[in-house]
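**Student:** To be precise about what I am sending: the file is called structure28.txt and holds compact mmCIF, C-alpha atoms and all ligand atoms.
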# COMPACT_ATOMS: atom_id res chain seq x y z
CA MET A 1 130.26 114.59 113.61
CA VAL A 2 130.35 114.51 109.86
CA CYS A 3 131.78 111.43 108.20
CA ASP A 4 132.87 113.11 105.02
CA GLU A 5 135.39 110.43 104.23
CA MET A 6 132.57 107.86 104.18
CA LYS A 7 129.80 109.88 102.63
CA GLY A 8 129.10 109.19 99.02
CA THR A 9 131.91 106.70 98.54
CA PRO A 10 130.96 103.51 96.67
CA LEU A 11 130.54 100.61 99.08
CA PRO A 12 133.44 98.43 97.90
CA GLU A 13 135.82 101.31 98.56
CA ARG A 14 134.37 101.87 102.01
CA VAL A 15 135.46 98.40 103.13
CA SER A 16 138.80 98.30 101.34
CA ARG A 17 141.49 96.01 102.72
CA ARG A 18 143.49 99.01 103.89
CA GLY A 19 140.41 100.38 105.65
CA VAL A 20 139.80 97.05 107.38
CA MET A 21 143.45 96.83 108.45
CA ARG A 22 143.32 100.37 109.76
CA GLY A 23 140.15 99.51 111.66
CA LEU A 24 141.69 96.35 113.11
CA MET A 25 144.89 98.14 114.11
CA SER A 26 142.95 100.78 115.95
CA GLY A 27 140.86 98.07 117.63
CA GLY A 28 137.77 99.35 115.88
CA VAL A 29 136.61 96.45 113.74
CA GLY A 30 133.24 96.44 115.46
CA ALA A 31 132.84 100.13 114.87
CA LEU A 32 133.98 99.75 111.28
CA LEU A 33 131.50 96.97 110.61
CA SER A 34 128.66 98.81 112.27
CA ARG A 35 129.57 101.88 110.26
CA TRP A 36 129.57 99.84 107.08
CA THR A 37 126.22 98.24 107.94
CA ARG A 38 124.77 101.66 108.68
CA SER A 39 126.12 103.09 105.46
CA ALA A 40 124.79 100.15 103.49
CA ALA A 41 121.37 100.52 105.04
CA ALA A 42 121.21 104.29 105.03
CA GLY A 43 122.92 104.96 101.76
CA ARG A 44 121.22 103.40 98.74
CA ALA A 45 123.11 106.30 97.24
CA THR A 46 125.78 104.33 95.63
CA GLU A 47 124.64 103.52 92.11
CA PRO A 48 126.33 106.05 89.82
CA GLN A 49 123.81 107.42 87.35
CA ARG A 50 125.05 110.31 85.25
CA GLU A 51 122.65 112.78 83.76
CA GLN A 52 123.45 115.07 80.89
CA GLY A 53 125.40 118.06 82.17
CA GLU A 54 125.63 116.68 85.70
CA ARG A 55 129.00 116.13 87.31
CA SER A 56 129.06 113.22 89.73
CA GLY A 57 125.54 111.92 89.22
CA ARG A 58 125.16 109.94 92.44
CA VAL A 59 121.59 108.87 93.24
CA HIS A 60 120.41 109.17 96.85
CA GLU A 61 117.36 107.01 97.33
CA HIS A 62 115.44 107.30 100.62
CA TRP A 63 112.39 105.57 102.03
CA ILE A 64 110.62 108.18 104.15
CA SER A 65 107.52 107.63 106.26
CA ALA A 66 105.24 110.24 107.87
CA ASP A 67 104.61 108.58 111.23
CA SER A 68 102.33 109.57 114.14
CA PHE A 69 103.63 109.01 117.69
CA LEU A 70 103.30 110.25 121.27
CA HIS A 71 105.83 113.02 121.89
CA ASN A 72 106.76 114.79 125.15
CA VAL A 73 108.02 118.36 124.58
CA VAL A 74 109.56 118.58 128.08
CA PRO A 75 110.75 115.05 128.90
CA GLY A 76 112.68 116.28 131.98
CA GLY A 77 109.52 117.92 133.34
CA TYR A 78 111.36 121.06 134.43
CA ASP A 79 112.09 124.57 133.17
CA SER A 80 115.18 125.55 135.16
CA MET A 81 115.25 129.18 133.98
CA MET A 82 111.76 130.01 135.21
CA ASN A 83 111.76 127.29 137.93
CA VAL A 84 108.54 125.67 136.71
CA ASN A 85 107.68 121.98 136.92
CA TYR A 86 105.54 120.19 134.35
CA THR A 87 103.75 116.85 134.30
CA SER A 88 103.99 114.80 131.13
CA ASP A 89 100.27 115.15 130.39
CA GLN A 90 100.75 118.93 130.20
CA THR A 91 103.55 118.68 127.66
CA SER A 92 102.67 115.67 125.49
CA PHE A 93 100.79 115.36 122.22
CA ILE A 94 100.57 113.10 119.20
CA ALA A 95 103.29 114.43 116.91
CA LEU A 96 103.93 113.71 113.26
CA GLY A 97 107.44 113.16 111.96
CA TYR A 98 109.34 112.03 108.89
CA ARG A 99 111.50 108.98 109.56
CA ALA A 100 113.96 107.22 107.25
CA TYR A 101 113.37 103.48 106.75
CA THR A 102 115.01 100.50 105.10
CA PRO A 103 113.72 99.81 101.56
CA ASN A 104 109.94 99.36 101.25
CA TRP A 105 109.55 100.96 104.72
CA GLN A 106 110.44 97.66 106.44
CA HIS A 107 112.18 99.06 109.53
CA PRO A 108 113.12 102.54 110.80
CA LEU A 109 116.84 103.22 110.38
CA PRO A 110 118.93 103.77 113.51
CA GLY A 111 120.25 107.28 114.04
CA SER A 112 123.62 108.07 112.47
CA ALA A 113 126.00 110.91 111.69
CA ASP A 114 124.60 110.86 108.16
CA ILE A 115 120.85 111.24 108.82
CA GLY A 116 120.81 112.47 112.45
CA PRO A 117 118.86 110.86 115.32
CA ASN A 118 115.94 109.83 113.01
CA THR A 119 113.46 110.29 115.85
CA GLY A 120 111.01 112.13 113.59
CA VAL A 121 111.20 115.75 114.84
CA PRO A 122 113.07 116.89 112.83
CA GLY A 123 113.13 114.40 109.96
CA PRO A 124 116.30 112.79 108.59
CA ILE A 125 119.08 115.01 107.22
CA LEU A 126 119.10 114.48 103.44
CA ARG A 127 122.60 115.03 102.02
CA ALA A 128 123.70 115.43 98.42
CA GLU A 129 126.41 117.02 96.29
CA VAL A 130 125.96 119.19 93.24
CA GLY A 131 125.20 116.92 90.28
CA ASP A 132 123.41 114.29 92.38
CA THR A 133 119.81 113.13 92.18
CA ILE A 134 117.57 112.65 95.24
CA ILE A 135 114.71 110.15 95.11
CA LEU A 136 112.26 110.15 98.03
CA HIS A 137 109.87 107.23 98.32
CA PHE A 138 107.20 108.61 100.63
CA ARG A 139 104.65 106.67 102.66
CA ASN A 140 101.88 108.30 104.68
CA ASN A 141 101.74 106.35 107.96
CA ASP A 142 99.66 108.92 109.88
CA THR A 143 97.52 106.36 111.67
CA TYR A 144 96.39 108.81 114.39
CA TYR A 145 95.07 111.91 112.60
CA GLY A 146 94.46 110.24 109.25
CA PHE A 147 95.37 113.44 107.37
CA PRO A 148 96.75 113.45 103.82
CA HIS A 149 100.42 114.51 103.73
CA SER A 150 103.19 115.34 101.28
CA ILE A 151 106.84 116.33 101.01
CA HIS A 152 107.56 119.76 99.57
CA PRO A 153 111.25 120.60 98.99
CA HIS A 154 113.14 123.89 99.09
CA GLY A 155 116.43 124.64 97.35
CA VAL A 156 116.76 121.63 95.08
CA ARG A 157 115.53 121.60 91.46
CA TYR A 158 112.25 119.88 90.68
CA THR A 159 109.38 119.89 88.19
CA PRO A 160 105.84 120.96 89.17
CA GLU A 161 104.94 117.26 89.31
CA ASN A 162 107.39 116.87 92.21
CA ASP A 163 106.37 120.00 94.14
CA GLY A 164 104.21 118.17 96.71
CA ALA A 165 102.18 121.34 97.40
CA TRP A 166 98.39 121.38 97.71
CA SER A 167 96.63 124.45 96.33
CA GLY A 168 93.11 123.16 95.74
CA ILE A 169 93.31 124.14 92.06
CA ASP A 170 94.16 120.62 90.93
CA PRO A 171 92.95 118.27 93.67
CA HIS A 172 94.06 115.17 91.75
CA LYS A 173 97.67 116.27 91.27
CA PRO A 174 99.79 113.31 92.45
CA GLY A 175 101.96 113.77 95.52
CA THR A 176 100.06 116.74 96.95
CA ALA A 177 97.62 114.81 99.17
CA VAL A 178 98.99 111.33 99.80
CA LYS A 179 96.37 109.52 101.89
CA PRO A 180 97.20 107.30 104.91
CA GLY A 181 98.46 103.94 103.68
CA GLU A 182 99.36 105.34 100.26
CA THR A 183 102.77 106.19 98.78
CA HIS A 184 104.35 108.57 96.29
CA THR A 185 107.86 109.00 94.86
CA TYR A 186 109.43 112.47 94.44
CA THR A 187 112.58 113.13 92.39
CA TYR A 188 114.84 116.21 92.65
CA THR A 189 118.15 117.20 91.05
CA VAL A 190 120.92 119.27 92.62
CA PRO A 191 122.31 122.11 90.45
CA PRO A 192 125.16 124.40 91.62
CA ALA A 193 122.67 126.94 93.03
CA SER A 194 121.45 124.32 95.52
CA VAL A 195 124.52 124.47 97.76
CA GLY A 196 123.47 125.26 101.32
CA THR A 197 120.89 124.33 103.96
CA TRP A 198 117.26 123.96 102.88
CA LEU A 199 113.97 122.81 104.32
CA TYR A 200 111.58 120.13 103.30
CA HIS A 201 108.13 119.92 104.88
CA ASP A 202 104.52 118.81 104.62
CA HIS A 203 102.51 121.08 102.31
CA SER A 204 99.25 119.17 101.96
CA VAL A 205 95.56 119.93 102.52
CA PRO A 206 94.74 122.44 105.34
CA GLN A 207 93.54 120.60 108.47
CA SER A 208 92.50 121.29 112.05
CA ILE A 209 92.25 119.41 115.33
CA GLY A 210 88.88 119.62 117.11
CA GLN A 211 87.28 123.06 116.84
CA ALA A 212 90.45 124.97 115.93
CA ALA A 213 90.53 126.94 112.68
CA PRO A 214 92.09 125.08 109.72
CA ASP A 215 95.85 125.57 109.44
CA PRO A 216 97.42 125.50 105.96
CA GLU A 217 100.49 123.71 107.29
CA LEU A 218 99.21 121.79 110.31
CA GLY A 219 101.25 118.73 109.38
CA ALA A 220 104.44 120.80 109.46
CA LEU A 221 103.38 122.40 112.76
CA LEU A 222 102.93 118.91 114.25
CA GLY A 223 106.49 117.98 113.23
CA LEU A 224 106.67 117.11 109.53
CA PHE A 225 109.85 118.98 108.58
CA GLY A 226 113.53 118.29 107.94
CA LEU A 227 116.45 119.70 106.02
CA PHE A 228 118.72 119.13 103.06
CA ALA A 229 122.48 119.59 103.50
CA ILE A 230 123.82 120.27 100.00
CA THR A 231 127.55 120.57 99.35
CA ASN A 232 129.95 120.86 96.43
CA ALA A 233 133.66 120.14 96.06
CA GLU A 234 134.53 123.53 97.59
CA THR A 235 132.38 123.14 100.72
CA PRO A 236 134.80 123.06 103.68
CA LYS A 237 134.85 119.83 105.68
CA VAL A 238 133.85 120.18 109.33
CA ASP A 239 134.49 118.08 112.45
CA ALA A 240 131.22 118.83 114.25
CA GLU A 241 127.84 119.64 112.74
CA HIS A 242 124.80 120.82 114.70
CA VAL A 243 121.33 120.70 113.17
CA LEU A 244 118.76 122.95 114.81
CA PHE A 245 115.10 123.62 113.99
CA LEU A 246 113.23 126.56 115.49
CA HIS A 247 109.48 125.97 115.58
CA ASP A 248 106.47 126.63 117.78
CA LEU A 249 103.57 124.63 119.24
CA TYR A 250 100.29 126.31 120.19
CA ALA A 251 97.77 125.11 122.78
CA ALA A 252 95.00 126.69 120.68
CA VAL A 253 95.92 124.30 117.85
CA ILE A 254 96.98 121.24 119.90
CA PRO A 255 94.44 120.93 122.75
CA THR A 256 96.42 118.44 124.87
CA LEU A 257 99.18 121.00 125.48
CA ALA A 258 98.78 123.07 128.66
CA GLN A 259 100.46 126.11 127.05
CA ASP A 260 102.37 127.27 123.99
CA PHE A 261 105.94 126.01 123.59
CA ASP A 262 108.77 127.47 121.52
CA CYS A 263 110.92 124.53 120.51
CA PHE A 264 114.34 123.44 119.37
CA ASN A 265 114.05 120.11 117.53
CA GLY A 266 110.73 119.29 119.18
CA HIS A 267 111.72 120.15 122.75
CA ALA A 268 111.51 123.14 125.09
CA PHE A 269 113.70 124.42 127.96
CA VAL A 270 117.37 123.84 128.84
CA GLU A 271 118.35 120.19 129.38
CA ASN A 272 115.31 119.13 127.35
CA THR A 273 116.50 120.80 124.14
CA PRO A 274 119.55 119.27 122.39
CA VAL A 275 122.93 119.58 124.12
CA PHE A 276 125.46 120.20 121.33
CA ARG A 277 129.16 119.44 121.80
CA ALA A 278 132.47 120.36 120.18
CA ARG A 279 136.15 120.57 121.11
CA VAL A 280 138.66 123.39 120.79
CA GLY A 281 140.35 123.22 117.40
CA GLN A 282 137.42 121.63 115.62
CA ARG A 283 135.74 123.16 112.59
CA VAL A 284 132.10 123.57 113.57
CA ARG A 285 129.03 124.04 111.39
CA TRP A 286 125.49 124.87 112.49
CA ARG A 287 122.68 124.18 110.04
CA ILE A 288 119.66 126.07 111.35
CA ALA A 289 116.13 126.35 109.99
CA ALA A 290 112.83 127.92 111.07
CA LEU A 291 109.26 127.11 110.13
CA GLY A 292 105.85 128.40 111.21
CA LYS A 293 104.66 131.99 111.69
CA GLU A 294 107.24 133.49 114.09
CA PHE A 295 110.50 135.34 113.56
CA HIS A 296 113.48 134.21 115.61
CA VAL A 297 117.00 135.39 116.45
CA PHE A 298 119.55 132.61 116.84
CA HIS A 299 122.19 133.68 119.38
CA LEU A 300 125.22 131.69 120.54
CA HIS A 301 127.11 132.77 123.66
CA GLY A 302 130.87 133.16 123.52
CA HIS A 303 131.19 132.75 119.76
CA ARG A 304 131.16 134.68 116.51
CA TRP A 305 130.93 133.75 112.86
CA VAL A 306 131.31 135.62 109.57
CA ARG A 307 128.28 135.97 107.32
CA ASP A 308 128.04 138.23 104.28
CA GLY A 309 131.39 139.76 105.22
CA ARG A 310 130.47 140.81 108.75
CA ASN A 311 131.10 139.36 112.18
CA GLU A 312 127.96 138.21 114.00
CA ASP A 313 126.87 136.45 117.17
CA ALA A 314 123.14 136.67 116.42
CA ALA A 315 121.14 136.17 113.23
CA VAL A 316 117.48 136.61 112.27
CA LEU A 317 115.42 133.71 110.92
CA GLY A 318 111.90 133.87 109.52
CA PRO A 319 109.62 131.06 108.37
CA ALA A 320 111.37 128.78 105.86
CA THR A 321 114.72 130.60 106.07
CA THR A 322 117.94 128.87 107.06
CA LEU A 323 121.45 129.64 108.31
CA THR A 324 124.70 127.79 107.61
CA LEU A 325 127.23 129.04 110.16
CA ASP A 326 130.88 127.91 110.20
CA TYR A 327 133.66 128.78 112.65
CA LEU A 328 136.81 127.36 114.20
CA GLU A 329 136.07 126.42 117.81
CA ASP A 330 138.37 128.34 120.19
CA ASN A 331 136.39 128.94 123.39
CA PRO A 332 136.02 126.06 125.88
CA GLY A 333 133.27 125.91 128.45
CA ALA A 334 129.55 125.42 128.96
CA TRP A 335 127.61 127.91 126.82
CA LEU A 336 124.03 128.78 126.00
CA TYR A 337 122.39 129.00 122.62
CA HIS A 338 118.91 130.49 122.41
CA CYS A 339 116.40 132.52 120.50
CA HIS A 340 116.82 136.15 121.56
CA VAL A 341 113.11 137.00 121.24
CA THR A 342 112.25 137.18 124.94
CA ASP A 343 108.84 135.48 124.59
CA HIS A 344 110.52 132.58 122.86
CA MET A 345 113.27 132.29 125.49
CA MET A 346 110.57 131.98 128.15
CA GLY A 347 108.62 129.58 125.93
CA GLY A 348 111.50 127.13 125.75
CA MET A 349 114.04 128.19 123.11
CA MET A 350 117.10 127.77 125.32
CA GLY A 351 119.83 125.15 125.00
CA ARG A 352 123.35 124.23 126.04
CA TYR A 353 126.51 124.04 123.96
CA ILE A 354 129.44 122.31 125.64
CA VAL A 355 132.98 122.92 124.33
CA GLY A 356 135.67 120.60 125.60
CA PRO A 357 139.37 121.60 125.70
CU CU B 1 112.27 132.94 118.52
Have the structure of the file written as structure tokens, please.
**Tutor:**
Amino acid sequence: MVCDEMKGTPLPERVSRRGVMRGLMSGGVGALLSRWTRSAAAGRATEPQREQGERSGRVHEHWISADSFLHNVVPGGYDSMMNVNYTSDQTSFIALGYRAYTPNWQHPLPGSADIGPNTGVPGPILRAEVGDTIILHFRNNDTYYGFPHSIHPHGVRYTPENDGAWSGIDPHKPGTAVKPGETHTYTYTVPPASVGTWLYHDHSVPQSIGQAAPDPELGALLGLFGLFAITNAETPKVDAEHVLFLHDLYAAVIPTLAQDFDCFNGHAFVENTPVFRARVGQRVRWRIAALGKEFHVFHLHGHRWVRDGRNEDAAVLGPATTLTLDYLEDNPGAWLYHCHVTDHMMGGMMGRYIVGP
């Protein structure tokens, strides 16, 4: 769900007397308070700061940490399509993920409609409107691998000093190789051409695990990626929003994995991948992104959308490309979404989409 009526509103307005009364009358004061607390903690986006030529000038300030943690790709231990069982040691590895924290990286934020589950793979959804400024305070908390990391953005506007991309040409360029325990702050602006869905990801020094060949984006392969959701005043409001990352894990790169896995949001196989939900009559938006070295075809059963003037029920994604798909939900039932590349279907890119009446 998208809380558009809450997003980006100054805090005093969010807890107006009328809002409190409405919450009380609907018996939802607890929910209202928890929503306010969450907004207060997650937002830090509320201090108006106009820049020359910018329209609304809201500042979105986030405290992001690159964390290392044990991650199980197939927590249910079962691939129902191919009827294969897995043990957790075959499907687990130490992942990296961006997580949103309270200021000064004190505590991880709980998941919310605004930032998503905040479990790390993918990272938090970073929202902004045209005219806003995004400030990312980044901490490298990769205590397991000890690699340097960065945040490199797509789609927003930034100077070379905020690019976060290692090339080796200037090894001392700040923000391109933030060492474990160190921090860096990136600043981006949001011009009209930034409307849409965009990636951010680790773009630091090439690394490898064990004897594997160095990978230029190993941090991103291990889970350091997320997306921006950028809107303007004309962006239609939606009732349900589904965020989906298509990415791949290779046993040749990550030795603890028993095989390659093709993943949605860090997981493989139906009932392990996210189950998305909507109801008939709702406006639905999918924000989809891919990263890595594979090409994918996102396909949704029982549904169509319009893109570039044509009707579609499947769309190609390559590394670092995204899709923003909107439609009015009109088809109840239990549906599948999946990558239509057959290798990737077998490797785990299958999921369920449940539409209630
Ligand atoms: Cu695919």
**Student:** Within 6 Å of ligand CU 1 (chain B), which residues of chain A show up? Give each one with its shortest atom-to-atom distance in Å (one decimal) and the two atoms involved, counting all atoms listed in the file, rows by chain then rising residue number, as CSV.
**Tutor:**
residue,atom,partner,partner_atom,distance
A:Phe295,CA,B:CU1,CU,5.8
A:His296,CA,B:CU1,CU,3.4
A:Val297,CA,B:CU1,CU,5.7
A:Cys339,CA,B:CU1,CU,4.6
A:Val341,CA,B:CU1,CU,5.0
A:His344,CA,B:CU1,CU,4.7
**Student:** Keeping only C-alpha atoms, take the residues you just selected and write them out as a PDB file, in the frame of the given file.
**Tutor:**
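In the end it all went to again.pdb:
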ATOM      1  CA  PHE A 295     110.500 135.340 113.560  1.00  0.00           C
ATOM      2  CA  HIS A 296     113.480 134.210 115.610  1.00  0.00           C
ATOM      3  CA  VAL A 297     117.000 135.390 116.450  1.00  0.00           C
ATOM      4  CA  CYS A 339     116.400 132.520 120.500  1.00  0.00           C
ATOM      5  CA  VAL A 341     113.110 137.000 121.240  1.00  0.00           C
ATOM      6  CA  HIS A 344     110.520 132.580 122.860  1.00  0.00           C
TER       7      HIS A 344
END
**Student:** So which residues are close to (89.0, 118.7, 114.5), meaning at most 12 Å away in the file's coordinates with all atoms listed in the file counted, and can you show them as a list of chain:residue names?
**Tutor:** A:Tyr145, A:Gly146, A:Phe147, A:Pro206, A:Gln207, A:Ser208, A:Ile209, A:Gly210, A:Gln211, A:Ala212, A:Ala213, A:Pro214, A:Asp215, A:Leu218, A:Ala252, A:Val253, A:Ile254, A:Pro255
**Student:** Hey, which of A:Trp166, A:Tyr186, A:Tyr144, A:Phe245 ends up closest to A:Phe264? Count only C-alpha atoms.
**Tutor:**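 The shortest atom-to-atom distance to A:Phe264 comes from A:Phe245.
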**Student:** Pull the closest atom pair for each residue of stretch 68-117 of chain A that gets at most 9 Å from stretch 267-286 of chain A, along with the distance in Å to one decimal, counting only C-alpha atoms, ordering rows by chain and then ascending residue number, as CSV.
**Tutor:**
residue,atom,partner,partner_atom,distance
A:Asn72,CA,A:His267,CA,7.7
A:Val73,CA,A:His267,CA,4.5
A:Val74,CA,A:Ala268,CA,5.8
A:Pro75,CA,A:Asn272,CA,6.3
A:Gly76,CA,A:Asn272,CA,6.0
A:Gly77,CA,A:Asn272,CA,8.4
A:Tyr78,CA,A:Phe269,CA,7.7
A:Asp79,CA,A:Phe269,CA,5.5
A:Ser80,CA,A:Val270,CA,6.9
A:Met81,CA,A:Val270,CA,7.7
**Student:** Taking C-alpha atoms for each residue, export the selection above as a PDB file, in the frame of the given file.
**Tutor:**
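Once written, part_26.pdb looks like this:
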ATOM      1  CA  ASN A  72     106.760 114.790 125.150  1.00  0.00           C
ATOM      2  CA  VAL A  73     108.020 118.360 124.580  1.00  0.00           C
ATOM      3  CA  VAL A  74     109.560 118.580 128.080  1.00  0.00           C
ATOM      4  CA  PRO A  75     110.750 115.050 128.900  1.00  0.00           C
ATOM      5  CA  GLY A  76     112.680 116.280 131.980  1.00  0.00           C
ATOM      6  CA  GLY A  77     109.520 117.920 133.340  1.00  0.00           C
ATOM      7  CA  TYR A  78     111.360 121.060 134.430  1.00  0.00           C
ATOM      8  CA  ASP A  79     112.090 124.570 133.170  1.00  0.00           C
ATOM      9  CA  SER A  80     115.180 125.550 135.160  1.00  0.00           C
ATOM     10  CA  MET A  81     115.250 129.180 133.980  1.00  0.00           C
TER      11      MET A  81
END
**Student:** For atom CA of A:Leu336 and atom CA of A:Thr235, determine how far apart the two atoms are, in Å to one decimal place.
**Tutor:**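 If I compute the distance from atom CA of A:Leu336 to atom CA of A:Thr235, I get 27.2 Å.
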**Student:** List the neighbours of A:Ile134 out to 12 Å using all atoms listed in the file; skip same-chain residues closer than 4 positions along the sequence, and give me the result as a ChimeraX atom specification.
**Tutor:** /A:43-47,49,57-63,126-130,153,156-158,162,185-191,228-230
**Student:** Hey, which of A:Asp313, A:Glu241, A:Asp262, A:Asp248 ends up closest to A:Ala220? Count only C-alpha atoms.
**Tutor:**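 Smallest distance to A:Ala220 is found for A:Asp248.
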**Student:** Smallest atom-to-atom distance to A:Met82: which of A:Gly347, A:Pro108, A:Pro148, A:Gly309, using only C-alpha atoms?
**Tutor:** A:Gly347
**Student:** With a distance cut-off of 10 Å and only C-alpha atoms, select the neighbouring residues of A:Thr256, excluding the residue or stretch itself and same-chain residues fewer than 2 positions from it, and output the selection as an NGL selection string.
**Tutor:** :A and (89-94 or 250-254 or 258-259)
**Student:** Show me, as a ChimeraX atom specification, the residues that have an atom within 8 Å of stretch 193-203 of chain A when counting only C-alpha atoms, minus same-chain residues fewer than 4 positions from it.
**Tutor:** /A:129-130,149-157,164-166,176,216-217,219-220,224-232,287-289,320-324
**Student:** Hey, which of A:Tyr353, A:Phe69, A:Trp105, A:Phe261 ends up closest to A:Gly181? Count all atoms listed in the file.
**Tutor:**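 Nearest candidate to A:Gly181 out of A:Tyr353, A:Phe69, A:Trp105, A:Phe261: A:Trp105.
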**Student:** Which distance in Å separates atom CA of A:Pro319 and atom CA of A:His71, to one decimal?
**Tutor:**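 Result for atom CA of A:Pro319 versus atom CA of A:His71: 22.9 Å, one decimal.
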**Student:** Measuring between only C-alpha atoms, which one of A:Leu257, A:Leu246, A:Ile354, A:Leu70 shows the shortest distance to A:Leu317?
**Tutor:**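 Using only C-alpha atoms, A:Leu317 sits closest to A:Leu246.
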**Student:** Quick check, in Å to one decimal: how far apart do atom CA of A:Val205 and atom CA of A:Asp163 lie?
**Tutor:** 13.7 Å
**Student:** Return the single residue from A:Glu182, A:Asp67, A:Glu294, A:Asp170 that is closest to A:Gly123, with distances computed using all atoms listed in the file.
**Tutor:**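 Among the listed residues, the smallest separation from A:Gly123 belongs to A:Asp67.
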**Student:** As number ranges by chain, please: the residues near A:Pro124 (cut-off 9 Å, only C-alpha atoms, same-chain neighbours under 6 positions excluded).
**Tutor:** A: 64, 98-100, 111, 114-118, 225-228
